[in-house]
file final39.txt (compact mmCIF, C-alpha atoms)
# COMPACT_ATOMS: atom_id res chain seq x y z
CA MET M 1 -56.44 -13.64 -8.39
CA PRO M 2 -54.04 -11.36 -6.51
CA THR M 3 -50.45 -12.51 -6.15
CA LEU M 4 -49.83 -13.58 -2.58
CA TYR M 5 -46.19 -14.58 -2.93
CA GLU M 6 -43.62 -13.62 -5.46
CA ALA M 7 -40.37 -15.62 -5.59
CA PRO M 8 -37.22 -13.49 -5.33
CA THR M 9 -35.34 -12.94 -8.56
CA THR M 10 -32.39 -15.27 -9.08
CA LYS M 11 -30.04 -12.40 -9.90
CA PRO M 12 -27.17 -12.38 -7.38
CA GLU M 13 -26.68 -9.20 -5.41
CA LYS M 14 -23.92 -6.82 -6.48
CA LYS M 15 -22.42 -6.87 -2.96
CA GLN M 16 -22.10 -10.64 -3.05
CA ILE M 17 -20.20 -10.58 -6.32
CA LYS M 18 -17.84 -7.96 -4.96
CA ALA M 19 -17.13 -10.01 -1.84
CA HIS M 20 -15.92 -12.95 -3.91
CA SER M 21 -14.14 -10.99 -6.63
CA HIS M 22 -10.42 -11.50 -7.13
CA THR M 23 -7.86 -8.77 -7.63
CA LYS M 24 -5.17 -9.35 -10.21
CA MET M 25 -1.76 -8.49 -8.80
CA THR M 26 0.57 -6.00 -10.43
CA PRO M 27 4.01 -4.90 -9.14
CA LEU M 28 2.44 -1.71 -7.80
CA THR M 29 -0.58 -3.26 -6.10
CA ALA M 30 -1.05 -1.81 -2.63
CA PHE M 31 -4.59 -3.02 -1.86
CA ALA M 32 -5.93 -6.33 -3.12
CA VAL M 33 -8.98 -8.30 -2.03
CA ASN M 34 -8.71 -12.06 -2.63
CA PRO M 35 -5.51 -11.61 -4.68
CA THR M 36 -4.53 -14.22 -7.23
CA GLY M 37 -1.01 -15.62 -7.46
CA VAL M 38 0.16 -14.67 -3.97
CA ARG M 39 1.63 -17.15 -1.52
CA PHE M 40 3.67 -16.56 1.61
CA GLU M 41 6.20 -18.63 3.53
CA THR M 42 4.11 -20.22 6.27
CA GLN M 43 0.80 -20.39 4.42
CA GLU M 44 -1.14 -23.54 5.19
CA ALA M 45 -2.89 -25.61 2.54
CA ASP M 46 -6.40 -24.51 3.49
CA GLU M 47 -5.45 -20.91 4.29
CA GLN M 48 -6.73 -18.22 1.92
CA VAL M 49 -5.30 -14.75 1.48
CA ILE M 50 -8.24 -12.36 1.89
CA LEU M 51 -6.41 -9.03 1.90
CA PHE M 52 -3.00 -8.13 0.58
CA LEU M 53 -1.67 -4.70 1.54
CA ARG M 54 1.37 -2.54 1.06
CA GLN M 55 1.90 1.06 2.04
CA HIS M 56 0.10 3.54 -0.20
CA LEU M 57 1.97 4.36 -3.42
CA ILE M 58 2.16 8.02 -2.44
CA ILE M 59 4.62 7.03 0.33
CA ASN M 60 7.20 6.51 -2.43
CA VAL M 61 7.08 10.09 -3.70
CA PRO M 62 9.92 11.49 -1.49
CA TRP M 63 12.53 8.92 -2.62
CA ILE M 64 11.38 9.13 -6.25
CA ALA M 65 11.78 12.93 -6.13
CA LEU M 66 15.24 12.51 -4.57
CA THR M 67 16.22 10.00 -7.28
CA ILE M 68 15.18 12.45 -10.01
CA LEU M 69 17.24 15.18 -8.29
CA PHE M 70 20.24 12.84 -8.07
CA LEU M 71 19.88 11.98 -11.76
CA LEU M 72 19.85 15.65 -12.74
CA ALA M 73 22.63 16.71 -10.37
CA PRO M 74 25.71 15.65 -12.40
CA SER M 75 24.82 17.91 -15.34
CA ILE M 76 24.63 20.94 -13.01
CA LEU M 77 26.87 20.07 -10.06
CA PHE M 78 29.82 18.30 -11.69
CA PRO M 79 30.88 21.17 -14.05
CA LEU M 80 30.81 23.55 -11.07
CA ILE M 81 32.96 21.19 -8.94
CA LEU M 82 35.42 20.62 -11.81
CA GLN M 83 35.75 24.37 -12.46
CA SER M 84 36.45 25.09 -8.80
CA LEU M 85 39.39 22.62 -8.63
CA PRO M 86 42.89 24.19 -8.70
CA ALA M 87 44.13 21.68 -11.30
CA PRO M 88 42.16 19.76 -13.97
CA LEU M 89 41.15 16.24 -12.94
CA PRO M 90 42.25 13.40 -15.30
CA PHE M 91 39.46 12.06 -17.54
CA GLY M 92 39.49 8.62 -15.83
CA TYR M 93 38.55 10.12 -12.48
CA VAL M 94 35.73 12.17 -13.99
CA LEU M 95 34.39 9.08 -15.78
CA VAL M 96 34.56 6.81 -12.71
CA GLY M 97 33.09 9.57 -10.52
CA THR M 98 30.14 10.14 -12.85
CA LEU M 99 29.43 6.41 -13.31
CA SER M 100 29.69 5.86 -9.54
CA TRP M 101 27.16 8.64 -8.95
CA TYR M 102 24.63 7.03 -11.31
CA LEU M 103 25.27 3.57 -9.85
CA VAL M 104 24.67 4.76 -6.30
CA THR M 105 21.52 6.59 -7.45
CA ALA M 106 20.26 3.37 -9.07
CA GLY M 107 21.10 1.46 -5.86
CA PHE M 108 19.26 4.04 -3.77
CA ALA M 109 16.14 3.72 -5.94
CA LEU M 110 16.32 -0.09 -5.98
CA PHE M 111 16.78 -0.35 -2.22
CA ASN M 112 13.83 1.96 -1.56
CA PHE M 113 11.64 0.08 -4.01
CA LEU M 114 12.57 -3.28 -2.40
CA HIS M 115 11.80 -1.78 0.99
CA TRP M 116 8.33 -0.76 -0.18
CA PHE M 117 7.70 -3.92 -2.20
CA PHE M 118 8.53 -6.36 0.59
CA ASN M 119 6.83 -4.51 3.45
CA ILE M 120 3.60 -6.44 3.30
CA TYR M 121 0.50 -6.88 5.37
CA ILE M 122 -1.62 -9.95 4.78
CA VAL M 123 -5.00 -10.91 6.17
CA THR M 124 -6.01 -14.52 5.73
CA ASN M 125 -9.07 -16.44 6.86
CA GLU M 126 -7.03 -17.56 9.92
CA ARG M 127 -4.63 -14.77 10.87
CA VAL M 128 -3.18 -11.34 10.29
CA ILE M 129 0.45 -11.10 9.16
CA ASP M 130 2.98 -8.27 9.06
CA ILE M 131 6.13 -8.93 7.00
CA ASP M 132 8.83 -6.28 7.28
CA PHE M 133 11.96 -5.69 5.23
CA GLN M 134 13.62 -3.43 7.75
CA TYR M 135 17.19 -3.08 6.55
CA LEU M 136 19.79 -5.26 4.94
CA LEU M 137 19.65 -8.90 6.03
CA PHE M 138 16.93 -8.25 8.58
CA LYS M 139 13.36 -9.39 8.09
CA ARG M 140 10.54 -9.55 10.59
CA PHE M 141 7.52 -11.83 10.39
CA SER M 142 4.79 -10.99 12.92
CA GLN M 143 1.39 -12.60 13.07
CA ALA M 144 -1.75 -12.76 15.15
CA GLU M 145 -4.48 -15.38 14.97
CA LEU M 146 -7.89 -13.84 14.28
CA GLU M 147 -9.33 -15.27 17.51
CA ARG M 148 -6.50 -13.59 19.47
CA ILE M 149 -7.40 -10.11 18.22
CA GLN M 150 -9.01 -8.04 20.97
CA ASP M 151 -9.41 -4.66 19.36
CA ILE M 152 -8.88 -3.11 15.97
CA SER M 153 -8.85 0.57 15.10
CA TYR M 154 -7.46 2.97 12.52
CA THR M 155 -6.25 6.53 12.24
CA ALA M 156 -6.10 8.67 9.12
CA GLY M 157 -4.80 12.15 9.74
CA GLY M 158 -3.00 14.83 7.79
CA ILE M 159 -3.46 16.43 4.41
CA PHE M 160 -1.93 13.67 2.30
CA ALA M 161 -3.63 10.85 4.22
CA THR M 162 -7.00 12.53 3.75
CA ILE M 163 -6.50 13.34 0.07
CA PHE M 164 -5.09 9.95 -0.89
CA HIS M 165 -7.21 7.98 1.58
CA TYR M 166 -4.64 6.05 3.57
CA GLY M 167 -3.97 5.55 7.26
CA ASN M 168 -2.67 3.31 10.02
CA VAL M 169 -4.51 0.24 11.27
CA TYR M 170 -3.80 -0.88 14.84
CA ILE M 171 -4.48 -4.46 15.85
CA GLN M 172 -4.41 -5.19 19.55
CA THR M 173 -3.89 -8.80 20.50
CA ALA M 174 -4.53 -10.77 23.69
CA GLY M 175 -1.87 -11.56 26.26
CA ALA M 176 1.83 -11.13 25.66
CA LEU M 177 1.54 -11.25 21.88
CA PRO M 178 2.89 -8.16 20.13
CA ASN M 179 0.37 -5.74 18.69
CA LEU M 180 0.41 -5.27 14.94
CA GLU M 181 0.45 -2.01 13.05
CA PHE M 182 -0.37 -1.65 9.36
CA LEU M 183 1.23 1.67 8.52
CA ALA M 184 0.00 3.99 5.74
CA VAL M 185 -2.20 1.36 4.11
CA PRO M 186 -4.83 2.37 1.54
CA ARG M 187 -8.50 2.37 2.62
CA PRO M 188 -7.92 1.66 6.36
CA ASP M 189 -11.68 1.71 7.01
CA LYS M 190 -12.18 -1.16 4.54
CA VAL M 191 -9.30 -3.08 6.13
CA VAL M 192 -10.85 -2.76 9.59
CA GLU M 193 -14.26 -3.73 8.24
CA LYS M 194 -12.85 -6.79 6.47
CA ILE M 195 -10.96 -8.01 9.56
CA ARG M 196 -14.04 -7.44 11.75
CA ASN M 197 -16.16 -9.47 9.30
CA LEU M 198 -13.64 -12.30 9.40
CA MET M 199 -13.59 -12.21 13.21
CA GLU M 200 -17.39 -12.32 13.35
CA ASN M 201 -17.47 -15.31 11.02
CA LEU M 202 -15.04 -17.33 13.12
CA PRO M 203 -16.45 -20.55 14.59
CA GLY M 204 -17.58 -19.76 18.14
CA ALA M 205 -17.69 -16.02 17.60
CA ILE M 206 -20.55 -14.17 19.27
CA MET A 1 49.21 16.46 -7.14
CA THR A 2 50.34 12.80 -7.33
CA ILE A 3 49.69 12.32 -3.61
CA VAL A 4 46.20 13.83 -3.98
CA LEU A 5 45.38 11.58 -6.96
CA THR A 6 46.74 8.47 -5.21
CA THR A 7 44.66 9.24 -2.12
CA LEU A 8 41.60 9.80 -4.33
CA LYS A 9 42.28 6.51 -6.14
CA VAL A 10 42.53 4.56 -2.86
CA PHE A 11 39.33 6.12 -1.51
CA THR A 12 37.49 5.47 -4.78
CA LEU A 13 38.58 1.82 -4.90
CA VAL A 14 37.73 1.20 -1.24
CA GLY A 15 34.35 2.92 -1.70
CA LEU A 16 33.52 0.95 -4.85
CA GLY A 17 34.66 -2.30 -3.19
CA LEU A 18 32.37 -1.68 -0.23
CA TYR A 19 29.55 -0.74 -2.57
CA ALA A 20 29.98 -4.01 -4.51
CA ILE A 21 29.66 -5.90 -1.19
CA PHE A 22 26.50 -3.92 -0.42
CA ALA A 23 25.11 -4.81 -3.88
CA GLY A 24 25.86 -8.49 -3.21
CA ILE A 25 24.05 -8.32 0.14
CA MET A 26 21.09 -6.75 -1.66
CA ILE A 27 20.83 -9.85 -3.90
CA ARG A 28 20.83 -12.09 -0.82
CA GLN A 29 18.22 -9.93 0.88
CA GLU A 30 15.99 -10.07 -2.19
CA GLN A 31 16.30 -13.88 -2.21
CA LEU A 32 15.39 -14.03 1.50
CA MET A 33 12.33 -11.87 0.98
CA ALA A 34 11.30 -13.79 -2.14
CA ASP A 35 11.24 -16.94 0.00
CA VAL A 36 8.81 -15.19 2.34
CA LEU A 37 6.53 -13.95 -0.44
CA GLU A 38 5.92 -15.65 -3.77
CA GLU A 39 4.74 -13.18 -6.36
CA GLY A 40 4.90 -12.84 -10.14
CA PHE A 41 7.13 -9.75 -10.26
CA GLU A 42 9.88 -11.28 -8.12
CA PRO A 43 12.07 -12.63 -11.03
CA ILE A 44 12.29 -9.10 -12.48
CA LEU A 45 13.39 -7.74 -9.11
CA ARG A 46 15.99 -10.48 -8.84
CA LEU A 47 17.28 -9.59 -12.31
CA LEU A 48 17.51 -5.91 -11.31
CA THR A 49 19.49 -6.68 -8.15
CA ILE A 50 21.85 -8.96 -10.13
CA LEU A 51 22.34 -6.25 -12.80
CA HIS A 52 23.05 -3.73 -10.05
CA PHE A 53 25.66 -6.05 -8.53
CA ALA A 54 27.23 -6.69 -11.96
CA ALA A 55 27.43 -2.93 -12.58
CA ALA A 56 29.08 -2.39 -9.18
CA VAL A 57 31.70 -5.09 -9.84
CA GLY A 58 32.21 -3.82 -13.41
CA LEU A 59 32.79 -0.28 -12.20
CA PHE A 60 35.25 -1.49 -9.56
CA ILE A 61 37.24 -3.33 -12.26
CA LEU A 62 37.07 -0.28 -14.57
CA ALA A 63 38.37 1.93 -11.74
CA LEU A 64 41.21 -0.54 -11.08
CA MET A 65 42.20 -0.40 -14.76
CA ILE A 66 41.93 3.31 -15.58
CA LEU A 67 42.72 5.12 -12.33
call {"tool": "encode", "arguments": {"input": "final39.txt", "output": "structure tokens"}}
result
Amino acid sequence: MPTLYEAPTTKPEKKQIKAHSHTKMTPLTAFAVNPTGVRFETQEADEQVILFLRQHLIINVPWIALTILFLLAPSILFPLILQSLPAPLPFGYVLVGTLSWYLVTAGFALFNFLHWFFNIYIVTNERVIDIDFQYLLFKRFSQAELERIQDISYTAGGIFATIFHYGNVYIQTAGALPNLEFLAVPRPDKVVEKIRNLMENLPGAI
Amino acid sequence: MTIVLTTLKVFTLVGLGLYAIFAGIMIRQEQLMADVLEEGFEPILRLLTILHFAAAVGLFILALMIL
């Protein structure tokens, strides 16, 4: 007898597994879907972090290059400066000067890393959040409820953005609420797609 | 030469003093941001900012002693 109906295989689809997969966080994570071990200040009990974003790692290259230059400078620059002085500088001054140079270089690197590390964009099942570490003792926490989002778009232009696949995501909100910008985030197309999916799955969404 | 060295000493001490204050503010900033975001790597960052502050204070004291 010919088979009229064949039950679908019980194997789950690959896409489904991917949608529920969790990303393990590392200190250099810039794009994480359903990250584990991340909580933020105003997170509610039933609120889930869906996307965790930082600026693309490549954004850090300029300050890392400068730090390397600063680290190499004393071996080249200091002997030249000392030779050009009319009288020899006491050893204490040379020592303090050299140590100060390395300390400031370390501070420069640390400050830039903190700036990158704490500039975070979070998408939860309820809202979109932009946390900024702008400068010393100034932080900014902006958010927009998913149902308040009117339009979402992204731009990815330039050589580096194209090669390393990062771009800016613009989130336009209703009324007087400020618009949000996710700057230089990895895979902006995926971010837009994810937020759109969440908006479509909201209760009452068309 | 003594006037030049004294001026240099004063500038170095003032600069290092201000830098130590900046390093202290950086610890506070890190704490503020850690309250906003809880993540596994945060204790290491806190340790780094504290070490940076300790180095700044240590260098200020060293400059006071040897300059």
call {"tool": "residues_near_point", "arguments": {"input": "final39.txt", "point": "(41.6, 0.6, -12.5)", "cutoff": "12 Å", "atoms": "all atoms listed in the file", "output": "number ranges by chain"}}
result
M: 92-93, 95-96; A: 6, 9-10, 12-14, 16-17, 57-67
call {"tool": "residues_near_point", "arguments": {"input": "final39.txt", "point": "(21.5, -10.1, -7.7)", "cutoff": "12 Å", "atoms": "only C-alpha atoms", "output": "ChimeraX atom specification"}}
result
/M:107,110 /A:20-32,42-57
call {"tool": "closest_residue", "arguments": {"input": "final39.txt", "among": "M:Ile163, M:Leu82, M:Ala109, M:Leu146", "to": "Gly97 in chain M", "atoms": "all atoms listed in the file"}}
result
M:Leu82
call {"tool": "atom_distance", "arguments": {"input": "final39.txt", "atom1": "CA of Val104 in chain M", "atom2": "CA of Gly15 in chain A"}}
result
10.9 Å
call {"tool": "interface_residues", "arguments": {"input": "final39.txt", "of": "chain M", "to": "chain A", "cutoff": "9 Å", "atoms": "all atoms listed in the file", "output": "ChimeraX atom specification"}}
result
/M:25-27,37-42,87,89-90,92-93,96-97,99-100,103-104,106-107,110-111,114,118,120,131,133,135-139,141
call {"tool": "atom_distance", "arguments": {"input": "final39.txt", "atom1": "CA of Pro35 in chain M", "atom2": "CA of Ala144 in chain M"}}
result
20.2 Å
call {"tool": "closest_residue", "arguments": {"input": "final39.txt", "among": "M:Ser142, M:Thr29, M:Gln83, M:Thr162", "to": "Pro178 in chain M", "atoms": "all atoms listed in the file"}}
result
M:Ser142
call {"tool": "atom_distance", "arguments": {"input": "final39.txt", "atom1": "CA of Thr105 in chain M", "atom2": "CA of Ile76 in chain M"}}
result
15.7 Å
call {"tool": "closest_residue", "arguments": {"input": "final39.txt", "among": "M:Gln55, M:Asn34, M:Ser75, M:Thr67", "to": "Asn168 in chain M", "atoms": "all atoms listed in the file"}}
result
M:Gln55
call {"tool": "decode", "arguments": {"input": "final39.txt", "residues": "range 31-47 of chain A", "atoms": "N, CA and C atoms", "output": "short mmCIF file (atom, residue, chain, number, x, y, z; two decimals), in the first residue's frame"}}
result
data_model
loop_
_atom_site.label_atom_id
_atom_site.label_comp_id
_atom_site.auth_asym_id
_atom_site.auth_seq_id
_atom_site.Cartn_x
_atom_site.Cartn_y
_atom_site.Cartn_z
N GLN A 31 33.91 51.24 39.98
CA GLN A 31 32.90 50.72 40.91
C GLN A 31 31.50 51.11 40.45
N LEU A 32 31.35 52.37 40.01
CA LEU A 32 30.04 52.84 39.53
C LEU A 32 29.56 52.01 38.35
N MET A 33 30.48 51.76 37.41
CA MET A 33 30.11 51.01 36.22
C MET A 33 29.85 49.54 36.55
N ALA A 34 30.59 49.01 37.52
CA ALA A 34 30.38 47.61 37.92
C ALA A 34 29.01 47.43 38.56
N ASP A 35 28.49 48.50 39.19
CA ASP A 35 27.13 48.44 39.74
C ASP A 35 26.10 48.37 38.61
N VAL A 36 26.42 49.00 37.51
CA VAL A 36 25.50 49.01 36.36
C VAL A 36 25.50 47.66 35.67
N LEU A 37 26.68 47.08 35.52
CA LEU A 37 26.80 45.80 34.81
C LEU A 37 27.54 44.78 35.66
N GLU A 38 26.89 43.65 35.90
CA GLU A 38 27.55 42.57 36.65
C GLU A 38 28.09 41.58 35.63
N GLU A 39 29.40 41.40 35.69
CA GLU A 39 30.04 40.48 34.74
C GLU A 39 31.24 39.82 35.41
N GLY A 40 31.62 38.65 34.92
CA GLY A 40 32.67 37.86 35.56
C GLY A 40 34.04 38.51 35.61
N PHE A 41 34.37 39.33 34.63
CA PHE A 41 35.72 39.89 34.52
C PHE A 41 35.92 41.12 35.42
N GLU A 42 34.83 41.61 35.99
CA GLU A 42 34.87 42.87 36.73
C GLU A 42 35.87 42.87 37.90
N PRO A 43 36.00 41.78 38.71
CA PRO A 43 36.99 41.81 39.81
C PRO A 43 38.42 42.03 39.33
N ILE A 44 38.75 41.50 38.15
CA ILE A 44 40.11 41.69 37.61
C ILE A 44 40.32 43.16 37.24
N LEU A 45 39.29 43.76 36.66
CA LEU A 45 39.38 45.19 36.32
C LEU A 45 39.54 46.04 37.57
N ARG A 46 38.79 45.66 38.61
CA ARG A 46 38.90 46.41 39.87
C ARG A 46 40.31 46.30 40.43
N LEU A 47 40.87 45.09 40.36
CA LEU A 47 42.24 44.88 40.85
C LEU A 47 43.23 45.74 40.05
#
